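**Q** Below is one structure. I have some questions about it.
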Amino acid sequence: MTFEWEAYYRLAKGLYEIVDVDQDSTSDIHIDNQALCRASISRAYYAVFNEAKLFLQSKNVWLPHTGAAHDKIISHLRDSLDDDWNEVGDLLSRLKIKRTKSDYNEVFPKLYEETKLAVGLAKQALDNLNEIKSH
């Protein structure tokens with residue numbers, strides 16, 4: 001049985017929804033909530049990354065089996081002549097930046113807001129991919 005990568009999106013959304021934080025964007029959030037937010041951003045990115053990878057592979061696009069695949073997928077989508085593919089590439093690029101900050105930066109300003117944005121970007125990218133696949 002193959003894994004359904006969109007399950008990572010549902011996990012990302014669920015993690016974001018259980019964060020217990022005051023909606024005041026200037027407040028610091030508790031360390032456990034930071035972990036939830038950071039994990040949410042990561043899962044949102046990987047949901048889109050893996051769905052985009054499967055999509056490109058279905059189009060016989062060769063992708064490396066290394067970390068270089070991340071940038072290759074983004075650049076292939078962005079360099080396409082298809083505007084819908086370009087948009088998915090742009091969304092994935094924005095998610096990658098957030099995921100990298102989430103995974104490596106000790107301080108992540110406006111983490112709660114950035115998590116909300118990441119979940120929204122992932123939803124948009126997955127919706128766009130599903131629309132592209134249906135053509």
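Scheme for the structure tokens: letters A, B, ... for chains in order shown; per-chain residue numbers from 1; ligand numbers from 1 in order shown.
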Sorted by chain and rising residue number, which residues of segment 2-75 of chain A lie within 7 Å of segment 112-115 of chain A, and what are their closest atom pairs and distances in Å to one decimal, counting only C-alpha atoms, as a Markdown table?
**A**
| residue | atom | partner | partner_atom | distance |
| --- | --- | --- | --- | --- |
| A:Tyr16 | CA | A:Thr115 | CA | 6.9 |
| A:Cys37 | CA | A:Thr115 | CA | 5.8 |
| A:Ser40 | CA | A:Thr115 | CA | 6.8 |
| A:Ile41 | CA | A:Thr115 | CA | 5.7 |
**Q** As a list in words, please: the residues near Gly120 of chain A (cut-off 12 Å, only C-alpha atoms, same-chain neighbours under 6 positions excluded).
**A**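 The filter keeps Tyr9, Arg10, Ala12, Lys13, Tyr16, Ser40, Ile41, Ala44, Tyr45, Val48, Leu91, Leu92, Arg94, Leu95, Glu113, Glu114, Leu126 and Asp127 of chain A.
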**Q** For the selection you just gave me, I'd like the residues written to a file as a PDB file, in the first residue's frame, keeping C-alpha atoms.
**A**
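Done, and the output landed in out21.pdb:
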ATOM      1  CA  TYR A   9      -1.425  18.063   5.013  1.00  0.00           C
ATOM      2  CA  ARG A  10      -4.256  16.841   7.235  1.00  0.00           C
ATOM      3  CA  ALA A  12      -0.263  19.762   9.510  1.00  0.00           C
ATOM      4  CA  LYS A  13      -3.722  21.295   9.708  1.00  0.00           C
ATOM      5  CA  TYR A  16      -1.994  23.895  13.815  1.00  0.00           C
ATOM      6  CA  SER A  40       2.932  21.586  11.208  1.00  0.00           C
ATOM      7  CA  ILE A  41       5.050  23.682   8.841  1.00  0.00           C
ATOM      8  CA  ALA A  44       2.692  20.993   5.190  1.00  0.00           C
ATOM      9  CA  TYR A  45       5.851  21.334   3.106  1.00  0.00           C
ATOM     10  CA  VAL A  48       3.220  19.349  -1.234  1.00  0.00           C
ATOM     11  CA  LEU A  91       3.945  27.982  -3.460  1.00  0.00           C
ATOM     12  CA  LEU A  92       6.341  25.093  -2.863  1.00  0.00           C
ATOM     13  CA  ARG A  94       7.586  29.673  -0.214  1.00  0.00           C
ATOM     14  CA  LEU A  95       6.816  26.582   1.872  1.00  0.00           C
ATOM     15  CA  GLU A 113       1.055  33.357  11.953  1.00  0.00           C
ATOM     16  CA  GLU A 114       3.673  31.706   9.743  1.00  0.00           C
ATOM     17  CA  LEU A 126      -2.477  20.692  -3.241  1.00  0.00           C
ATOM     18  CA  ASP A 127      -5.742  22.023  -4.670  1.00  0.00           C
TER      19      ASP A 127
END
**Q** List as a ChimeraX atom specification the protein and nucleic acid residues near Glu131 of chain A, meaning an atom at most 12 Å away when only C-alpha atoms are counted, but skip any in the same chain fewer than 4 places from it.
**A** /A:55,84-85,88,124-127,135
**Q** Write out as number ranges by chain which residues come within 12 Å of Lys101 of chain A when counting only C-alpha atoms, dropping same-chain ones fewer than 2 positions away.
**A** A: 37-39, 41-42, 45, 94-99, 103-111, 114-115, 118
**Q** Restricting the calculation to only C-alpha atoms: of A:Asn86, A:Ser58, A:Ala52, A:Ala7, which residue gets closest to Ile73 of chain A?
**A**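 Between A:Asn86, A:Ser58, A:Ala52, A:Ala7, the residue approaching Ile73 of chain A most closely is A:Ala52.
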**Q** Tell me which of A:Asp79, A:Ile18, A:Glu6, A:Ala122 sits closest to Leu54 of chain A, counting only C-alpha atoms.
**A**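 Closest to Leu54 of chain A, using only C-alpha atoms: A:Glu6.
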**Q** As a ChimeraX atom specification, please: every residue in chain A that DSSP puts in alpha helix (DSSP H).
**A** /A:6-17,31-58,68-78,83-104,111-133
